[in-house]
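Trainee: This is model.cif (mmCIF, C-alpha atoms).
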data_target
loop_
_atom_site.label_atom_id
_atom_site.label_comp_id
_atom_site.auth_asym_id
_atom_site.auth_seq_id
_atom_site.Cartn_x
_atom_site.Cartn_y
_atom_site.Cartn_z
CA MET A 284 11.77 -4.24 16.51
CA ALA A 285 12.50 -0.55 16.47
CA ALA A 286 9.66 1.90 17.04
CA PHE A 287 9.78 4.95 14.79
CA ALA A 288 7.73 7.49 12.85
CA GLU A 289 9.06 9.23 9.77
CA THR A 290 8.04 10.90 6.54
CA ALA A 291 9.66 10.98 3.10
CA ILE A 292 8.51 12.74 -0.07
CA PHE A 293 9.14 11.33 -3.53
CA PRO A 294 8.23 12.45 -7.03
CA ALA A 295 5.10 10.65 -8.23
CA THR A 296 6.86 9.14 -11.25
CA LEU A 297 7.29 5.54 -12.29
CA ASP A 298 11.06 6.07 -12.15
CA ALA A 299 10.77 6.74 -8.41
CA CYS A 300 8.71 3.62 -7.75
CA PRO A 301 11.68 1.25 -7.08
CA ARG A 302 13.16 3.76 -4.59
CA ILE A 303 9.86 4.05 -2.74
CA ILE A 304 9.45 0.28 -2.56
CA ALA A 305 13.05 -0.21 -1.38
CA TYR A 306 12.60 2.48 1.28
CA VAL A 307 9.39 0.95 2.65
CA ARG A 308 10.86 -2.57 2.52
CA ALA A 309 14.00 -1.54 4.45
CA ARG A 310 12.00 0.26 7.11
CA GLY A 311 9.53 -2.64 7.24
CA GLN A 312 12.43 -4.94 8.04
CA ASP A 313 13.52 -2.52 10.77
CA ALA A 314 9.96 -2.58 12.13
CA GLY A 315 9.98 -6.36 12.36
CA VAL A 316 7.91 -7.33 9.31
CA PRO A 317 8.72 -11.02 8.79
CA ALA A 318 10.73 -11.90 5.68
CA THR A 319 7.81 -14.02 4.46
CA ARG A 320 5.55 -10.94 4.42
CA LEU A 321 7.99 -8.48 2.83
CA PRO A 322 6.93 -9.50 -0.72
CA HIS A 323 3.31 -8.74 0.29
CA LEU A 324 4.38 -5.33 1.53
CA GLU A 325 6.25 -4.65 -1.71
CA LEU A 326 3.29 -5.76 -3.85
CA ALA A 327 0.88 -3.49 -1.99
CA VAL A 328 3.15 -0.44 -2.03
CA GLU A 329 3.99 -0.91 -5.71
CA GLU A 330 0.31 -1.17 -6.65
CA VAL A 331 -0.60 2.01 -4.76
CA VAL A 332 2.37 4.03 -6.01
CA VAL A 333 1.95 2.99 -9.65
CA ASN A 334 -1.70 4.00 -9.50
CA ILE A 335 -0.78 7.36 -7.99
CA CYS A 336 1.81 7.91 -10.72
CA ARG A 337 -0.58 6.96 -13.52
CA TYR A 338 -3.86 8.48 -12.39
CA ALA A 339 -3.54 11.02 -9.57
CA TYR A 340 -1.83 13.70 -11.63
CA PRO A 341 -3.23 13.78 -15.17
CA ALA A 342 -1.64 17.10 -16.19
CA THR A 343 1.77 17.26 -14.50
CA PRO A 344 3.54 14.89 -12.10
CA GLY A 345 3.15 15.61 -8.43
CA GLU A 346 4.48 14.04 -5.28
CA VAL A 347 3.74 11.07 -3.09
CA THR A 348 4.30 11.40 0.63
CA VAL A 349 5.18 8.23 2.50
CA ARG A 350 4.54 8.30 6.24
CA LEU A 351 5.75 5.31 8.21
CA HIS A 352 4.91 4.42 11.77
CA ALA A 353 6.23 1.38 13.57
CA ALA A 354 5.11 0.50 17.05
CA ALA A 355 4.71 -2.63 19.09
CA GLY A 356 2.54 -4.93 17.03
CA SER A 357 2.13 -2.98 13.80
CA PHE A 358 3.75 -1.29 10.82
CA ARG A 359 1.66 1.48 9.23
CA ILE A 360 2.32 2.99 5.79
CA ALA A 361 0.32 6.07 4.75
CA LEU A 362 0.68 7.01 1.07
CA THR A 363 -0.59 10.50 0.31
CA ASP A 364 -1.10 12.46 -2.90
CA ASN A 365 -2.93 15.69 -3.66
CA GLY A 366 -4.17 14.51 -7.02
CA VAL A 367 -7.57 13.58 -8.39
CA PRO A 368 -9.90 12.30 -5.65
CA PHE A 369 -10.09 8.50 -5.75
CA ASN A 370 -11.16 6.00 -3.11
CA PRO A 371 -9.97 2.57 -4.25
CA LEU A 372 -11.92 0.93 -1.42
CA ALA A 373 -15.20 2.12 -2.95
CA ALA A 374 -14.61 0.11 -6.13
CA ASP A 375 -16.62 -3.06 -6.65
CA GLU A 376 -14.74 -6.23 -5.82
CA PRO A 377 -13.77 -8.03 -9.04
CA ASP A 378 -15.45 -11.30 -9.92
CA ILE A 379 -12.36 -13.50 -9.95
CA HIS A 380 -14.46 -16.51 -10.90
CA ALA A 381 -15.87 -14.96 -14.09
CA ALA A 382 -14.44 -15.95 -17.45
CA LEU A 383 -11.54 -13.72 -18.43
CA ALA A 384 -13.48 -12.31 -21.39
CA ASP A 385 -16.35 -11.32 -19.05
CA ARG A 386 -14.26 -9.51 -16.43
CA LYS A 387 -14.14 -5.74 -16.09
CA VAL A 388 -10.76 -4.07 -16.53
CA GLY A 389 -9.21 -2.95 -13.24
CA GLY A 390 -9.88 -3.70 -9.62
CA LEU A 391 -7.43 -6.54 -9.14
CA GLY A 392 -4.79 -4.37 -7.51
CA ILE A 393 -6.89 -3.38 -4.50
CA TYR A 394 -8.20 -6.95 -4.36
CA PHE A 395 -4.64 -8.25 -3.94
CA ILE A 396 -3.81 -5.51 -1.44
CA ARG A 397 -6.78 -6.50 0.70
CA LYS A 398 -5.64 -10.13 0.58
CA VAL A 399 -2.07 -9.48 1.77
CA ILE A 400 -2.43 -6.46 4.07
CA ASP A 401 -4.22 -6.70 7.42
CA GLU A 402 -5.98 -3.35 7.26
CA VAL A 403 -6.52 -0.82 4.46
CA GLN A 404 -8.03 2.63 5.05
CA TYR A 405 -8.81 5.55 2.77
CA GLN A 406 -9.38 9.19 3.69
CA ARG A 407 -9.76 12.38 1.67
CA VAL A 408 -8.42 15.20 3.86
CA ASP A 409 -7.61 18.76 2.76
CA ASP A 410 -7.71 17.83 -0.95
CA ARG A 411 -5.39 14.87 -0.39
CA ASN A 412 -5.91 11.15 -0.92
CA ILE A 413 -4.50 9.15 1.99
CA LEU A 414 -4.34 5.38 1.65
CA THR A 415 -3.08 3.66 4.78
CA LEU A 416 -1.80 0.09 4.86
CA VAL A 417 -1.39 -1.65 8.20
CA MET A 418 0.51 -4.86 8.81
CA ARG A 419 -0.13 -6.27 12.24
CA LEU A 420 2.75 -8.16 13.78
CA GLY A 421 2.20 -10.88 16.32
CA GLN A 422 4.54 -12.65 18.65
CA GLU A 423 8.00 -13.22 17.22
CA GLY A 424 7.05 -11.06 14.23
CA GLU A 425 4.37 -13.43 12.91
CA PRO A 426 1.19 -12.07 11.32
CA CYS A 427 -1.68 -11.91 13.81
CA ASN A 428 -4.18 -13.87 11.79
CA GLY A 429 -1.72 -16.57 10.77
CA SER A 430 -2.24 -16.64 7.02
CA HIS A 431 -1.91 -14.21 4.17
CA GLY A 432 -2.26 -16.10 0.94
CA ILE A 433 -3.61 -14.73 -2.28
CA GLY A 434 -5.93 -17.57 -3.02
#
Please render this file's structure as structure tokens.
Mentor:
Amino acid sequence: MAAFAETAIFPATLDACPRIIAYVRARGQDAGVPATRLPHLELAVEEVVVNICRYAYPATPGEVTVRLHAAAGSFRIALTDNGVPFNPLAADEPDIHAALADRKVGGLGIYFIRKVIDEVQYQRVDDRNILTLVMRLGQEGEPCNGSHGIG
């Protein structure tokens, strides 16, 4: 596992989404994220970036800043935009047991993120949304809590 801290800036466009995901995945591998958890990392990053692209900048596209920090035991991804204020953690948790016709639209993305990522934090600082995803890594690169299923 290599310790590092770095920042990259991408356009907040759907066309840039695959590049952002590939970048985070590659650096996650370098940080020691187990292969079994890389799809979880990709799912979470894709969900956040797509929402930034679709909703943060209603008038003109902006940017998404990706800050990565790898240290012993964790891989931290901070995704920042200076778009419309939005705290996804404040949204009501969806009722996944309700009939499909009775469910509200939206909310499943953050639900899945919370299921596959160890820690999720939101801050609004200097007119910027900062959503931080933390994957804790245990011994031999295993997740600390032992299970990360979506069910």
Trainee: Would you list the contacts of segment 290-301 of chain A as an mmCIF file with C-alpha atoms, keeping the file's coordinate frame, taking every protein, DNA or RNA residue within 12 Å and counting all atoms listed in the file, but skipping same-chain residues closer than 4 positions in sequence?
Mentor:
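Done, and the output landed in around-v9.cif:
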data_model
loop_
_atom_site.group_PDB
_atom_site.id
_atom_site.type_symbol
_atom_site.label_atom_id
_atom_site.label_comp_id
_atom_site.auth_asym_id
_atom_site.auth_seq_id
_atom_site.Cartn_x
_atom_site.Cartn_y
_atom_site.Cartn_z
ATOM 1 C CA ALA A 305 13.050 -0.210 -1.380
ATOM 2 C CA TYR A 306 12.600 2.480 1.280
ATOM 3 C CA VAL A 307 9.390 0.950 2.650
ATOM 4 C CA ARG A 308 10.860 -2.570 2.520
ATOM 5 C CA ARG A 310 12.000 0.260 7.110
ATOM 6 C CA GLU A 325 6.250 -4.650 -1.710
ATOM 7 C CA LEU A 326 3.290 -5.760 -3.850
ATOM 8 C CA VAL A 328 3.150 -0.440 -2.030
ATOM 9 C CA GLU A 329 3.990 -0.910 -5.710
ATOM 10 C CA GLU A 330 0.310 -1.170 -6.650
ATOM 11 C CA VAL A 331 -0.600 2.010 -4.760
ATOM 12 C CA VAL A 332 2.370 4.030 -6.010
ATOM 13 C CA VAL A 333 1.950 2.990 -9.650
ATOM 14 C CA ASN A 334 -1.700 4.000 -9.500
ATOM 15 C CA ILE A 335 -0.780 7.360 -7.990
ATOM 16 C CA CYS A 336 1.810 7.910 -10.720
ATOM 17 C CA ARG A 337 -0.580 6.960 -13.520
ATOM 18 C CA TYR A 338 -3.860 8.480 -12.390
ATOM 19 C CA ALA A 339 -3.540 11.020 -9.570
ATOM 20 C CA TYR A 340 -1.830 13.700 -11.630
ATOM 21 C CA PRO A 341 -3.230 13.780 -15.170
ATOM 22 C CA THR A 343 1.770 17.260 -14.500
ATOM 23 C CA PRO A 344 3.540 14.890 -12.100
ATOM 24 C CA GLY A 345 3.150 15.610 -8.430
ATOM 25 C CA GLU A 346 4.480 14.040 -5.280
ATOM 26 C CA VAL A 347 3.740 11.070 -3.090
ATOM 27 C CA THR A 348 4.300 11.400 0.630
ATOM 28 C CA VAL A 349 5.180 8.230 2.500
ATOM 29 C CA ARG A 350 4.540 8.300 6.240
ATOM 30 C CA LEU A 351 5.750 5.310 8.210
ATOM 31 C CA HIS A 352 4.910 4.420 11.770
ATOM 32 C CA ALA A 353 6.230 1.380 13.570
ATOM 33 C CA ARG A 359 1.660 1.480 9.230
ATOM 34 C CA ILE A 360 2.320 2.990 5.790
ATOM 35 C CA ALA A 361 0.320 6.070 4.750
ATOM 36 C CA LEU A 362 0.680 7.010 1.070
ATOM 37 C CA THR A 363 -0.590 10.500 0.310
ATOM 38 C CA ASP A 364 -1.100 12.460 -2.900
ATOM 39 C CA ASN A 365 -2.930 15.690 -3.660
ATOM 40 C CA GLY A 366 -4.170 14.510 -7.020
#
Trainee: Would you pick out the contacts of His323 of chain A at 12 Å or less, using all atoms listed in the file, so that residues sharing its chain but fewer than 2 positions from it are not included, and give the list as an MDAnalysis selection string?
Mentor: chainID A and resid 304 307:308 311 316:321 325:330 395:401 416:418 426 430:433
Trainee: Work out how far atom CA of Leu324 of chain A is from atom CA of Arg411 of chain A, in Å to one decimal.
Mentor: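 For atom CA of Arg411 of chain A relative to atom CA of Leu324 of chain A, the distance reads 22.5 Å.
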Trainee: Just give me the gap between atom CA of Phe369 of chain A and atom CA of Leu414 of chain A in Å, one decimal is fine.
Mentor: 9.9 Å
Trainee: List the residues selected by the PyMOL selection byres ((chain A and resi 315) around 8) in the file shown, writing them as a ChimeraX atom specification.
Mentor: /A:284-285,311-314,316-317,420,424
Trainee: Quick one: pull the distance between atom CA of Glu289 of chain A and atom CA of Val408 of chain A, Å, one decimal.
Mentor: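 Separation of atom CA of Glu289 of chain A and atom CA of Val408 of chain A: 19.4 Å.
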Trainee: For Asn412 of chain A, which residue out of A:Val367, A:Tyr394, A:Ala373, A:Ala286 is the nearest one, using only C-alpha atoms?
Mentor: A:Val367
Trainee: Calculated over all atoms listed in the file, which of the candidates A:Ile413, A:Ala354, A:Ala309, A:Ile303 has the smallest distance to Phe287 of chain A?
Mentor: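 Using all atoms listed in the file, the shortest distance to Phe287 of chain A belongs to A:Ala354.
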